[in-house]
file data_39.cif (mmCIF, C-alpha atoms)
data_final
loop_
_atom_site.label_atom_id
_atom_site.label_comp_id
_atom_site.auth_asym_id
_atom_site.auth_seq_id
_atom_site.Cartn_x
_atom_site.Cartn_y
_atom_site.Cartn_z
CA MET Q 1 162.18 -97.52 159.60
CA HIS Q 2 165.72 -98.78 160.25
CA PRO Q 3 167.69 -97.94 163.34
CA THR Q 4 170.62 -95.55 162.81
CA ASP Q 5 174.11 -95.82 164.30
CA LYS Q 6 173.05 -93.33 166.91
CA ASP Q 7 170.14 -95.59 167.93
CA GLN Q 8 172.46 -98.61 168.07
CA ASP Q 9 174.93 -96.69 170.27
CA PHE Q 10 172.13 -95.57 172.51
CA LEU Q 11 170.82 -99.11 172.81
CA GLN Q 12 174.29 -100.37 173.79
CA LEU Q 13 174.49 -97.65 176.40
CA ILE Q 14 171.12 -98.59 177.86
CA LEU Q 15 171.89 -102.32 177.83
CA ALA Q 16 175.24 -101.78 179.52
CA ASN Q 17 173.67 -99.69 182.28
CA LYS Q 18 170.37 -101.50 182.67
CA GLY Q 19 171.34 -102.69 186.16
CA ILE Q 20 171.91 -99.15 187.45
CA MET Q 21 168.54 -97.99 186.13
CA LEU Q 22 166.75 -100.93 187.70
CA LYS Q 23 168.46 -100.32 191.06
CA ILE Q 24 167.49 -96.66 191.05
CA CYS Q 25 163.91 -97.53 190.10
CA ARG Q 26 163.69 -100.15 192.84
CA LEU Q 27 164.89 -97.68 195.48
CA TYR Q 28 162.44 -94.94 194.49
CA CYS Q 29 159.38 -96.96 193.49
CA PRO Q 30 158.12 -99.89 195.57
CA ASP Q 31 155.30 -100.41 193.07
CA GLN Q 32 156.02 -102.51 189.94
CA ALA Q 33 153.84 -100.44 187.59
CA ASP Q 34 155.49 -97.21 188.77
CA ARG Q 35 158.90 -98.79 188.28
CA GLU Q 36 158.07 -99.55 184.65
CA ASP Q 37 156.94 -95.96 184.11
CA LEU Q 38 160.07 -94.62 185.81
CA THR Q 39 162.37 -96.86 183.73
CA GLN Q 40 160.75 -95.43 180.59
CA ASP Q 41 161.17 -91.91 181.95
CA ILE Q 42 164.85 -92.48 182.70
CA ILE Q 43 165.55 -93.93 179.24
CA TYR Q 44 163.70 -91.04 177.65
CA GLN Q 45 165.61 -88.46 179.70
CA LEU Q 46 168.93 -90.14 178.83
CA TRP Q 47 167.93 -90.02 175.17
CA ARG Q 48 166.93 -86.40 175.47
CA SER Q 49 170.07 -85.35 177.37
CA ALA Q 50 172.50 -87.38 175.23
CA GLU Q 51 173.09 -84.46 172.85
CA ARG Q 52 173.97 -82.23 175.76
CA TYR Q 53 176.53 -84.65 177.22
CA SER Q 54 179.70 -82.77 178.03
CA LYS Q 55 183.05 -84.55 178.31
CA GLU Q 56 183.81 -82.22 181.20
CA TYR Q 57 182.28 -84.94 183.41
CA ARG Q 58 182.82 -88.68 183.49
CA PHE Q 59 180.16 -90.61 181.62
CA SER Q 60 178.98 -92.37 184.80
CA THR Q 61 178.60 -88.99 186.57
CA TRP Q 62 176.39 -87.76 183.73
CA MET Q 63 174.30 -90.93 183.71
CA TYR Q 64 173.78 -91.04 187.47
CA ARG Q 65 172.78 -87.37 187.45
CA VAL Q 66 170.15 -87.85 184.73
CA ALA Q 67 168.79 -91.10 186.19
CA LEU Q 68 168.69 -89.90 189.81
CA ASN Q 69 167.20 -86.52 188.93
CA THR Q 70 164.47 -88.24 186.93
CA ALA Q 71 163.81 -90.69 189.77
CA ILE Q 72 163.61 -87.97 192.44
CA SER Q 73 161.30 -85.79 190.32
CA PHE Q 74 159.14 -88.84 189.54
CA TYR Q 75 159.03 -89.78 193.22
CA ARG Q 76 157.97 -86.28 194.27
CA ALA Q 77 155.40 -85.78 191.52
CA ASP Q 78 151.73 -86.44 191.99
CA ARG Q 79 151.76 -89.20 189.42
CA ARG Q 80 149.04 -89.97 186.94
CA ARG Q 81 149.79 -92.85 184.63
CA THR Q 82 150.91 -91.43 181.30
CA THR Q 83 151.27 -94.66 179.31
CA LEU Q 84 148.83 -97.39 178.56
CA PRO Q 85 149.90 -100.84 179.79
CA LEU Q 86 149.00 -102.45 176.49
CA SER Q 87 150.44 -99.77 174.20
CA PRO Q 88 153.72 -100.37 172.31
CA LEU Q 89 155.11 -97.50 174.39
CA HIS Q 90 155.14 -99.58 177.52
CA LEU Q 91 158.21 -101.37 178.87
CA THR Q 92 157.76 -104.52 180.90
CA ILE Q 93 160.12 -105.38 183.73
CA GLU Q 94 160.35 -109.02 184.74
CA ASP Q 95 161.53 -109.33 188.33
CA THR Q 96 162.86 -112.88 188.41
CA ALA Q 97 163.92 -112.57 192.02
CA ASP Q 98 162.36 -110.26 194.54
CA PRO Q 99 164.84 -108.88 197.10
CA ALA Q 100 162.03 -109.03 199.58
CA GLY Q 101 162.49 -112.81 199.37
CA THR Q 102 164.99 -112.90 202.19
CA GLU Q 103 164.40 -111.23 205.50
CA LYS Q 104 167.70 -109.34 205.67
CA LEU Q 105 167.53 -108.04 202.11
CA ALA Q 106 163.92 -107.01 202.57
CA GLY Q 107 165.05 -105.18 205.73
CA LEU Q 108 167.82 -103.36 203.84
CA GLN Q 109 165.42 -102.34 201.09
CA HIS Q 110 162.90 -101.12 203.67
CA CYS Q 111 165.55 -99.09 205.55
CA ILE Q 112 166.91 -97.45 202.38
CA GLN Q 113 163.41 -96.67 201.11
CA GLY Q 114 162.75 -94.97 204.46
CA LEU Q 115 165.51 -92.41 203.81
CA LYS Q 116 164.87 -88.99 202.27
CA GLU Q 117 165.32 -88.66 198.48
CA PHE Q 118 168.84 -87.15 198.53
CA ASP Q 119 170.09 -89.53 201.23
CA ARG Q 120 168.81 -92.47 199.20
CA ALA Q 121 170.79 -91.26 196.18
CA LEU Q 122 173.92 -90.76 198.28
CA ILE Q 123 173.87 -94.23 199.84
CA LEU Q 124 173.29 -95.78 196.42
CA LEU Q 125 176.38 -94.00 195.10
CA TYR Q 126 178.35 -95.16 198.15
CA PHE Q 127 177.33 -98.78 197.60
CA GLU Q 128 178.20 -98.41 193.92
CA GLU Q 129 181.73 -97.58 195.11
CA LYS Q 130 181.90 -94.06 193.72
CA THR Q 131 184.68 -91.81 195.01
CA TYR Q 132 183.82 -88.92 197.34
CA GLN Q 133 184.73 -86.53 194.54
CA GLU Q 134 182.31 -88.20 192.12
CA MET Q 135 179.57 -88.38 194.72
CA ALA Q 136 180.06 -84.66 195.40
CA GLU Q 137 179.85 -83.88 191.66
CA ILE Q 138 176.69 -85.91 191.19
CA MET Q 139 174.99 -84.53 194.26
CA GLY Q 140 176.19 -80.91 193.95
CA ILE Q 141 177.51 -80.69 197.51
CA SER Q 142 181.02 -80.55 198.99
CA GLU Q 143 183.12 -83.64 199.65
CA THR Q 144 183.12 -82.84 203.38
CA ASN Q 145 179.34 -82.75 203.30
CA VAL Q 146 179.28 -86.10 201.47
CA ALA Q 147 181.51 -87.69 204.12
CA THR Q 148 179.53 -86.38 207.08
CA ARG Q 149 176.16 -87.23 205.57
CA LEU Q 150 177.27 -90.72 204.55
CA SER Q 151 178.42 -91.54 208.03
CA ARG Q 152 175.05 -90.41 209.46
CA ILE Q 153 173.07 -92.31 206.79
CA LYS Q 154 174.97 -95.51 207.51
CA GLU Q 155 174.24 -95.12 211.23
CA LYS Q 156 170.55 -94.64 210.41
CA ILE Q 157 170.47 -97.79 208.27
CA LYS Q 158 172.27 -99.83 210.92
CA LYS Q 159 169.84 -98.67 213.60
CA CYS Q 160 166.89 -99.42 211.33
CA MET Q 161 168.24 -102.92 210.60
CA GLN Q 162 168.74 -103.48 214.33
CA ILE Q 163 165.12 -102.51 215.06
CA ILE Q 164 163.88 -104.90 212.35
CA LYS Q 165 166.07 -107.69 213.73
CA GLU Q 166 164.67 -107.26 217.22
CA MET G 1 176.48 -104.49 212.08
CA ASP G 2 179.60 -102.83 210.64
CA ASP G 3 180.27 -101.14 207.28
CA VAL G 4 181.69 -104.32 205.71
CA GLU G 5 178.61 -106.31 206.64
CA LEU G 6 176.37 -103.55 205.27
CA THR G 7 178.26 -103.45 201.97
CA SER G 8 178.18 -107.23 201.64
CA LEU G 9 174.43 -107.20 202.25
CA TRP G 10 174.06 -104.59 199.50
CA LYS G 11 176.05 -106.81 197.12
CA GLN G 12 173.57 -109.64 197.71
CA TYR G 13 170.73 -107.21 197.11
CA ASP G 14 172.50 -105.98 193.98
CA GLN G 15 172.77 -109.51 192.59
CA THR G 16 169.06 -110.14 192.97
CA LEU G 17 168.32 -106.88 191.12
CA GLU G 18 170.76 -107.72 188.32
CA ARG G 19 168.60 -110.75 187.56
CA ALA G 20 165.63 -108.54 186.73
CA ASN G 21 165.04 -108.12 183.04
CA ILE G 22 163.42 -105.54 180.83
CA LEU G 23 161.55 -107.70 178.37
CA ASN G 24 161.06 -105.49 175.33
CA LEU G 25 163.96 -103.08 175.84
CA GLN G 26 165.76 -103.73 172.55
CA SER G 27 162.77 -103.32 170.28
CA TRP G 28 161.57 -100.39 172.35
CA VAL G 29 164.80 -98.41 172.14
CA LEU G 30 165.47 -99.24 168.48
CA HIS G 31 162.04 -98.32 167.30
CA LEU G 32 162.55 -94.73 166.29
CA GLN G 33 158.91 -94.11 165.69
CA THR G 34 158.16 -95.30 169.19
CA VAL G 35 160.72 -92.95 170.66
CA GLU G 36 159.23 -90.07 168.70
CA LEU G 37 155.76 -91.00 169.89
CA LEU G 38 157.11 -91.26 173.39
CA LYS G 39 158.54 -87.75 173.09
CA THR G 40 155.11 -86.43 172.24
CA GLU G 41 153.54 -88.43 175.07
CA LYS G 42 156.07 -87.13 177.55
CA ALA G 43 155.75 -83.56 176.33
CA LYS G 44 152.03 -83.83 176.93
CA SER G 45 152.59 -85.38 180.34
CA ARG G 46 154.96 -82.57 181.36
CA LEU G 47 152.33 -80.03 180.43
CA ARG G 48 149.75 -82.04 182.37
CA SER G 49 152.03 -82.15 185.38
CA LEU G 50 152.14 -78.38 185.50
CA GLY G 51 148.74 -78.63 187.06
CA SER G 52 145.35 -77.44 186.03
CA CYS G 53 145.92 -74.33 188.15
CA LYS G 54 148.72 -72.89 185.99
CA LYS G 55 147.15 -73.83 182.65
CA GLY G 56 143.74 -72.54 183.71
CA MET G 57 145.23 -69.30 184.96
CA ILE G 58 147.03 -68.72 181.64
CA LEU G 59 143.82 -69.24 179.68
CA ILE G 60 141.73 -67.02 181.95
CA GLY G 61 144.58 -64.49 182.02
CA ILE G 62 144.75 -64.20 178.22
CA LEU G 63 140.99 -63.74 177.93
CA TRP G 64 140.99 -61.19 180.76
CA VAL G 65 143.93 -59.24 179.24
CA ALA G 66 142.14 -59.13 175.86
CA PHE G 67 138.99 -57.79 177.54
CA LEU G 68 140.97 -55.16 179.48
CA ILE G 69 142.76 -53.99 176.31
CA PHE G 70 139.36 -53.60 174.66
CA LEU G 71 138.08 -51.57 177.64
CA LEU G 72 141.18 -49.39 177.74
CA ALA G 73 141.09 -48.68 174.02
CA ASN G 74 137.52 -47.46 174.41
CA SER G 75 138.01 -45.28 177.47
CA ILE G 76 140.93 -42.99 176.72
CA ALA G 77 139.34 -39.60 177.53
CA TRP G 78 139.90 -37.01 180.28
CA SER G 79 136.36 -37.56 181.59
CA LYS G 80 137.14 -41.27 182.07
CA ILE G 81 140.65 -40.81 183.42
CA PHE G 82 140.14 -42.81 186.63
CA PHE G 83 138.51 -45.64 184.74
CA ALA G 84 141.33 -45.71 182.16
CA LEU G 85 144.08 -45.54 184.80
CA SER G 86 142.48 -48.32 186.86
CA VAL G 87 142.08 -50.54 183.81
CA ALA G 88 145.68 -49.80 182.77
CA ALA G 89 146.99 -50.74 186.22
CA VAL G 90 144.99 -54.00 186.32
CA LEU G 91 146.09 -54.71 182.76
CA GLY G 92 149.75 -54.25 183.71
CA PHE G 93 149.50 -56.74 186.59
CA ASN G 94 147.70 -59.31 184.44
CA ILE G 95 150.14 -59.04 181.52
CA TYR G 96 152.93 -59.62 184.04
CA ALA G 97 151.15 -62.73 185.42
CA VAL G 98 150.47 -64.28 182.00
CA LEU G 99 154.06 -63.68 180.85
CA ALA G 100 155.42 -65.07 184.13
CA TYR G 101 153.35 -68.26 183.81
CA LEU G 102 154.34 -68.74 180.16
CA TRP G 103 157.99 -68.18 181.09
CA HIS G 104 157.70 -70.85 183.81
CA ILE G 105 156.44 -73.38 181.25
CA VAL G 106 159.39 -72.61 178.97
CA LEU G 107 161.85 -72.89 181.86
CA ILE G 108 160.38 -76.16 183.13
CA ASP G 109 160.98 -77.65 179.69
CA GLU G 110 164.53 -76.29 179.60
CA ILE G 111 165.70 -77.88 182.85
CA ASP G 112 168.80 -79.96 182.17
CA ASN G 113 168.65 -83.21 184.12
CA SER G 114 172.39 -83.75 183.72
CA GLU G 115 173.21 -80.98 186.18
CA SER G 116 173.82 -81.92 189.82
CA LEU G 117 170.91 -83.28 191.86
CA VAL G 118 170.78 -80.28 194.18
CA GLU G 119 170.78 -77.80 191.25
CA VAL G 120 168.10 -79.54 189.18
CA GLN G 121 165.80 -80.16 192.12
CA LYS G 122 166.25 -76.55 193.25
CA LYS G 123 165.37 -75.19 189.81
CA THR G 124 162.29 -77.43 189.54
CA ALA G 125 161.04 -76.51 193.00
CA THR G 126 161.75 -72.79 192.42
CA LEU G 127 159.59 -72.83 189.28
CA LYS G 128 156.75 -74.59 191.04
CA ALA G 129 156.98 -72.21 193.99
CA ALA G 130 157.06 -69.17 191.66
CA THR G 131 153.27 -69.45 191.27
CA LEU G 132 152.89 -68.18 194.83
CA ASN G 133 155.14 -65.21 194.14
CA SER G 134 153.09 -64.24 191.07
CA THR G 135 149.92 -64.53 193.13
CA ARG G 136 151.17 -62.23 195.88
CA ILE G 137 152.08 -59.63 193.23
CA LEU G 138 148.59 -60.00 191.71
CA PHE G 139 147.05 -59.11 195.08
CA LEU G 140 148.51 -55.60 194.61
CA GLN G 141 145.98 -54.90 191.85
CA THR G 142 143.03 -55.16 194.29
CA PRO G 143 142.74 -51.42 195.14
CA PHE G 144 142.36 -50.55 191.45
CA TYR G 145 139.06 -52.44 191.37
CA SER G 146 137.70 -49.77 193.72
CA THR G 147 138.89 -46.75 191.72
CA PHE G 148 137.55 -47.37 188.22
CA PHE G 149 134.23 -45.59 188.95
CA TRP G 150 135.83 -42.47 190.50
CA THR G 151 135.06 -39.19 188.73
CA TRP G 152 136.20 -35.56 189.28
CA GLN G 153 132.59 -34.55 189.74
CA TRP G 154 131.94 -37.20 192.41
CA MET G 155 135.03 -36.08 194.36
CA LYS G 156 134.00 -32.41 194.30
CA GLN G 157 130.28 -32.70 194.91
CA ASP G 158 129.55 -35.79 197.00
CA PRO G 159 130.94 -36.10 200.56
CA ALA G 160 130.11 -39.85 200.40
CA PHE G 161 133.15 -40.19 198.18
CA TRP G 162 135.47 -39.12 201.04
CA TYR G 163 133.49 -40.99 203.72
CA ILE G 164 133.00 -44.29 201.86
CA ALA G 165 134.75 -44.75 198.50
CA PHE G 166 138.11 -43.28 199.46
CA PRO G 167 138.43 -45.17 202.78
CA VAL G 168 137.45 -48.42 201.02
CA THR G 169 140.31 -47.89 198.56
CA LEU G 170 142.69 -47.11 201.42
CA LEU G 171 141.56 -50.25 203.22
CA LEU G 172 142.04 -52.41 200.11
CA THR G 173 145.48 -50.84 199.55
CA ALA G 174 146.53 -51.67 203.12
CA ALA G 175 145.12 -55.21 202.84
CA SER G 176 146.84 -55.89 199.51
CA ILE G 177 150.19 -54.58 200.78
CA TRP G 178 149.80 -56.69 203.94
CA LEU G 179 149.06 -59.79 201.85
CA TYR G 180 151.99 -59.04 199.55
CA ARG G 181 154.32 -58.87 202.52
CA ASN G 182 152.88 -61.84 204.41
CA ILE G 183 152.26 -64.44 201.69
CA ASP G 184 155.39 -66.34 202.53
CA ILE G 185 156.28 -69.92 203.34
CA ARG G 186 156.96 -68.86 206.98
CA ASN G 187 153.21 -68.28 207.32
CA ALA G 188 152.17 -71.50 205.56
CA ASP G 189 150.89 -73.06 208.80
CA LYS G 190 148.68 -70.07 209.73
CA ARG G 191 144.94 -70.43 209.40
CA TRP G 192 144.38 -67.47 207.01
CA PHE G 193 147.11 -68.82 204.74
CA ARG G 194 145.61 -72.31 204.65
CA LEU G 195 142.16 -70.84 203.92
CA LEU G 196 143.51 -68.65 201.13
CA PHE G 197 145.58 -71.41 199.53
CA SER G 198 143.52 -74.54 199.95
CA GLY G 199 143.19 -77.03 197.09
CA LYS G 200 145.52 -79.58 195.54
CA ASP G 201 147.44 -77.27 193.23
CA TRP G 202 148.29 -74.89 196.04
CA LYS G 203 149.36 -77.78 198.27
CA ASP G 204 151.86 -78.75 195.52
CA VAL G 205 153.18 -75.18 195.43
CA ILE G 206 153.59 -75.08 199.21
CA ARG G 207 155.26 -78.51 199.15
CA ALA G 208 157.70 -77.18 196.55
CA MET G 209 158.53 -74.21 198.79
CA LYS G 210 159.18 -76.48 201.76
CA TYR G 211 161.31 -78.70 199.52
CA LEU G 212 163.36 -75.64 198.56
CA GLU G 213 164.15 -75.06 202.23
CA GLU G 214 165.18 -78.73 202.57
CA ILE G 215 167.49 -78.40 199.54
CA GLU G 216 169.13 -75.29 200.96
CA GLU G 217 169.64 -77.15 204.24
CA TYR G 218 171.13 -80.12 202.37
CA LYS G 219 173.71 -77.93 200.66
CA LYS G 220 175.10 -76.71 203.98
CA ASP G 221 178.08 -78.58 205.40
CA LEU G 222 177.05 -80.43 208.54
CA PRO G 223 178.94 -79.72 211.76
#

call {"tool": "encode", "arguments": {"input": "data_39.cif", "output": "structure tokens"}}
result
Amino acid sequence: MHPTDKDQDFLQLILANKGIMLKICRLYCPDQADREDLTQDIIYQLWRSAERYSKEYRFSTWMYRVALNTAISFYRADRRRTTLPLSPLHLTIEDTADPAGTEKLAGLQHCIQGLKEFDRALILLYFEEKTYQEMAEIMGISETNVATRLSRIKEKIKKCMQIIKE
Amino acid sequence: MDDVELTSLWKQYDQTLERANILNLQSWVLHLQTVELLKTEKAKSRLRSLGSCKKGMILIGILWVAFLIFLLANSIAWSKIFFALSVAAVLGFNIYAVLAYLWHIVLIDEIDNSESLVEVQKKTATLKAATLNSTRILFLQTPFYSTFFWTWQWMKQDPAFWYIAFPVTLLLTAASIWLYRNIDIRNADKRWFRLLFSGKDWKDVIRAMKYLEEIEEYKKDLP
């Protein structure tokens, strides 16, 4: 079976945004096997939602929504492995460098993973330099709420990093 | 540590993550057959994730409804009026439950992940929590299990009916109404509630209800 134009477009989309998916997976799944499952889930959900994409929103807003929603639902679910590691349905992620390699980066990862699901999504969007308006659209809360919550989350992370340092 | 330092640290973290690679991504995405297979796999996994509780209840519910319809069809007579009315009431509650559970499955599949995080998570949690609402409604059928053997003759001739059978029905009515009113997340920490809803599937339902409260809290603007 040959890939269609639609498949090629989808592949380009996935390749271009691979980094975002991997970041989201890393923040919601400390375990490598779970991360591989979640990456598959996110790609599948993007594939499934692609037909429903509305130009009303920016493409990045749509993608972050699908990927973060899938990650949060995956994180909250009582997971049972749904794919076989040796089946052709399984994706393999090769982590060439583990952020846990340096003390500070491992600390940052630990502090972000200690946040609640929504806060984790919000700080990721902040670090990805999204505007307050876009963050509010992705999260479904007001811009004022985004600003207040972000400031509190940053304080939490700083305190957590301080504790680790000491 | 200030904001600039925090952002710069994230950038370093970001660079290490960018180096990660998905080995078979291209072949995986381009292989249509694989994607189709994956769809089937995921559809199955979504049904699995609904929990054995919901699926089991649908199956038992359908069998029970079929049995009740059979009973009702064979008892429509004035002499069996209490039996027929009781069966009809129980049947009504059970048809409601089966339809509600089936509707939840349809809705779970229809959730659009491209809506905002708060909306999608709220819809998912609401559907999971809906099992508890259906259960509290089902408790209202309890009194009808004590009325199916009532007869006109028994009422007129045997005082035991008024001393025993009738008070038992009243008691069950009061208990079922009390349960209907009190099965609520506010009582989730009470002993009777934990006894009534023990088991993994119920814990998931209660977790979903608590999550709903968290979501509502998250939507509110902070002072």

call {"tool": "atom_distance", "arguments": {"input": "data_39.cif", "atom1": "atom CA of Ile81 of chain G", "atom2": "atom CA of Tyr96 of chain G"}}
result
22.5 Å

call {"tool": "resolve_selection", "arguments": {"input": "data_39.cif", "expression": "the PyMOL selection byres ((chain G and resi 89) around 12)", "output": "PDB file with C-alpha atoms, in the coordinates of the input"}}
result
ATOM      1  CA  VAL G  65     143.930 -59.240 179.240  1.00  0.00           C
ATOM      2  CA  LEU G  68     140.970 -55.160 179.480  1.00  0.00           C
ATOM      3  CA  ILE G  69     142.760 -53.990 176.310  1.00  0.00           C
ATOM      4  CA  LEU G  72     141.180 -49.390 177.740  1.00  0.00           C
ATOM      5  CA  PHE G  82     140.140 -42.810 186.630  1.00  0.00           C
ATOM      6  CA  PHE G  83     138.510 -45.640 184.740  1.00  0.00           C
ATOM      7  CA  ALA G  84     141.330 -45.710 182.160  1.00  0.00           C
ATOM      8  CA  LEU G  85     144.080 -45.540 184.800  1.00  0.00           C
ATOM      9  CA  SER G  86     142.480 -48.320 186.860  1.00  0.00           C
ATOM     10  CA  VAL G  87     142.080 -50.540 183.810  1.00  0.00           C
ATOM     11  CA  ALA G  88     145.680 -49.800 182.770  1.00  0.00           C
ATOM     12  CA  VAL G  90     144.990 -54.000 186.320  1.00  0.00           C
ATOM     13  CA  LEU G  91     146.090 -54.710 182.760  1.00  0.00           C
ATOM     14  CA  GLY G  92     149.750 -54.250 183.710  1.00  0.00           C
ATOM     15  CA  PHE G  93     149.500 -56.740 186.590  1.00  0.00           C
ATOM     16  CA  ASN G  94     147.700 -59.310 184.440  1.00  0.00           C
ATOM     17  CA  ILE G  95     150.140 -59.040 181.520  1.00  0.00           C
ATOM     18  CA  TYR G  96     152.930 -59.620 184.040  1.00  0.00           C
ATOM     19  CA  LEU G 138     148.590 -60.000 191.710  1.00  0.00           C
ATOM     20  CA  LEU G 140     148.510 -55.600 194.610  1.00  0.00           C
ATOM     21  CA  GLN G 141     145.980 -54.900 191.850  1.00  0.00           C
ATOM     22  CA  THR G 142     143.030 -55.160 194.290  1.00  0.00           C
ATOM     23  CA  PRO G 143     142.740 -51.420 195.140  1.00  0.00           C
ATOM     24  CA  PHE G 144     142.360 -50.550 191.450  1.00  0.00           C
ATOM     25  CA  TYR G 145     139.060 -52.440 191.370  1.00  0.00           C
ATOM     26  CA  SER G 146     137.700 -49.770 193.720  1.00  0.00           C
ATOM     27  CA  THR G 147     138.890 -46.750 191.720  1.00  0.00           C
ATOM     28  CA  PHE G 148     137.550 -47.370 188.220  1.00  0.00           C
TER      29      PHE G 148
END

call {"tool": "closest_residue", "arguments": {"input": "data_39.cif", "among": "Q:Ile163, Q:Leu150, Q:Met63, Q:Leu115", "to": "chain G", "atoms": "all atoms listed in the file"}}
result
Q:Met63

call {"tool": "resolve_selection", "arguments": {"input": "data_39.cif", "expression": "the PyMOL selection byres ((chain Q and resi 50) around 12)", "output": "ChimeraX atom specification"}}
result
/Q:6-7,9-10,13-14,42-49,51-55,59,62-63,66 /G:112-114

call {"tool": "write_last_selection", "arguments": {"input": "data_39.cif", "atoms": "C-alpha atoms", "output": "mmCIF file, in the frame of the given file"}}
result
data_model
loop_
_atom_site.group_PDB
_atom_site.id
_atom_site.type_symbol
_atom_site.label_atom_id
_atom_site.label_comp_id
_atom_site.auth_asym_id
_atom_site.auth_seq_id
_atom_site.Cartn_x
_atom_site.Cartn_y
_atom_site.Cartn_z
ATOM 1 C CA LYS Q 6 173.050 -93.330 166.910
ATOM 2 C CA ASP Q 7 170.140 -95.590 167.930
ATOM 3 C CA ASP Q 9 174.930 -96.690 170.270
ATOM 4 C CA PHE Q 10 172.130 -95.570 172.510
ATOM 5 C CA LEU Q 13 174.490 -97.650 176.400
ATOM 6 C CA ILE Q 14 171.120 -98.590 177.860
ATOM 7 C CA ILE Q 42 164.850 -92.480 182.700
ATOM 8 C CA ILE Q 43 165.550 -93.930 179.240
ATOM 9 C CA TYR Q 44 163.700 -91.040 177.650
ATOM 10 C CA GLN Q 45 165.610 -88.460 179.700
ATOM 11 C CA LEU Q 46 168.930 -90.140 178.830
ATOM 12 C CA TRP Q 47 167.930 -90.020 175.170
ATOM 13 C CA ARG Q 48 166.930 -86.400 175.470
ATOM 14 C CA SER Q 49 170.070 -85.350 177.370
ATOM 15 C CA GLU Q 51 173.090 -84.460 172.850
ATOM 16 C CA ARG Q 52 173.970 -82.230 175.760
ATOM 17 C CA TYR Q 53 176.530 -84.650 177.220
ATOM 18 C CA SER Q 54 179.700 -82.770 178.030
ATOM 19 C CA LYS Q 55 183.050 -84.550 178.310
ATOM 20 C CA PHE Q 59 180.160 -90.610 181.620
ATOM 21 C CA TRP Q 62 176.390 -87.760 183.730
ATOM 22 C CA MET Q 63 174.300 -90.930 183.710
ATOM 23 C CA VAL Q 66 170.150 -87.850 184.730
ATOM 24 C CA ASP G 112 168.800 -79.960 182.170
ATOM 25 C CA ASN G 113 168.650 -83.210 184.120
ATOM 26 C CA SER G 114 172.390 -83.750 183.720
#

call {"tool": "closest_residue", "arguments": {"input": "data_39.cif", "among": "Q:Thr102, Q:Ser60, Q:Ser151, Q:Thr144", "to": "Ile123 of chain Q", "atoms": "all atoms listed in the file"}}
result
Q:Ser151

call {"tool": "resolve_selection", "arguments": {"input": "data_39.cif", "expression": "the PyMOL selection byres ((chain Q and resi 137-139) around 12)", "output": "PyMOL selection string"}}
result
(chain Q and resi 56-69+117-126+130-136+140-143+145-146+149) or (chain G and resi 113-122+215+218-219)

call {"tool": "closest_residue", "arguments": {"input": "data_39.cif", "among": "Q:Gln40, Q:Gln12, Q:Thr92, Q:Asn17", "to": "chain G", "atoms": "only C-alpha atoms"}}
result
Q:Thr92

call {"tool": "residues_near_point", "arguments": {"input": "data_39.cif", "point": "(179.2, -100.5, 205.7)", "cutoff": "10 Å", "atoms": "all atoms listed in the file", "output": "ChimeraX atom specification"}}
result
/Q:126-127,151,154-155,157-158 /G:1-10

call {"tool": "atom_distance", "arguments": {"input": "data_39.cif", "atom1": "atom CA of Gly199 of chain G", "atom2": "atom CA of Ala129 of chain G"}}
result
14.9 Å

call {"tool": "closest_residue", "arguments": {"input": "data_39.cif", "among": "G:Arg191, G:Lys210, G:Lys128, G:Lys11", "to": "chain Q", "atoms": "all atoms listed in the file"}}
result
G:Lys11

call {"tool": "residues_around", "arguments": {"input": "data_39.cif", "residues": "Ala97 of chain G", "least_positions_apart": "4", "cutoff": "12 Å", "atoms": "all atoms listed in the file", "output": "ChimeraX atom specification"}}
result
/G:54,57-62,64-65,90-93,101-104,130-141

call {"tool": "atom_distance", "arguments": {"input": "data_39.cif", "atom1": "atom CA of Ile108 of chain G", "atom2": "atom CA of Lys116 of chain Q"}}
result
23.5 Å

call {"tool": "closest_residue", "arguments": {"input": "data_39.cif", "among": "G:Phe161, G:Ser75, G:Ala125, G:Val168", "to": "Arg207 of chain G", "atoms": "all atoms listed in the file"}}
result
G:Ala125

call {"tool": "closest_residue", "arguments": {"input": "data_39.cif", "among": "Q:Met21, Q:Leu105, Q:Ala16, Q:Ala147", "to": "chain G", "atoms": "only C-alpha atoms"}}
result
Q:Leu105

call {"tool": "residues_near_point", "arguments": {"input": "data_39.cif", "point": "(169.1, -100.1, 189.2)", "cutoff": "10 Å", "atoms": "only C-alpha atoms", "output": "list in words"}}
result
Asn17, Lys18, Gly19, Ile20, Met21, Leu22, Lys23, Ile24, Cys25, Arg26, Leu27, Tyr28, Thr39, Ala67 and Leu124 of chain Q; Asp14, Leu17, Glu18 and Ala20 of chain G

call {"tool": "write_last_selection", "arguments": {"input": "data_39.cif", "atoms": "C-alpha atoms", "output": "CSV table (one decimal), keeping the file's coordinate frame"}}
result
chain,number,residue,atom,x,y,z
Q,17,ASN,CA,173.7,-99.7,182.3
Q,18,LYS,CA,170.4,-101.5,182.7
Q,19,GLY,CA,171.3,-102.7,186.2
Q,20,ILE,CA,171.9,-99.2,187.4
Q,21,MET,CA,168.5,-98.0,186.1
Q,22,LEU,CA,166.8,-100.9,187.7
Q,23,LYS,CA,168.5,-100.3,191.1
Q,24,ILE,CA,167.5,-96.7,191.0
Q,25,CYS,CA,163.9,-97.5,190.1
Q,26,ARG,CA,163.7,-100.2,192.8
Q,27,LEU,CA,164.9,-97.7,195.5
Q,28,TYR,CA,162.4,-94.9,194.5
Q,39,THR,CA,162.4,-96.9,183.7
Q,67,ALA,CA,168.8,-91.1,186.2
Q,124,LEU,CA,173.3,-95.8,196.4
G,14,ASP,CA,172.5,-106.0,194.0
G,17,LEU,CA,168.3,-106.9,191.1
G,18,GLU,CA,170.8,-107.7,188.3
G,20,ALA,CA,165.6,-108.5,186.7
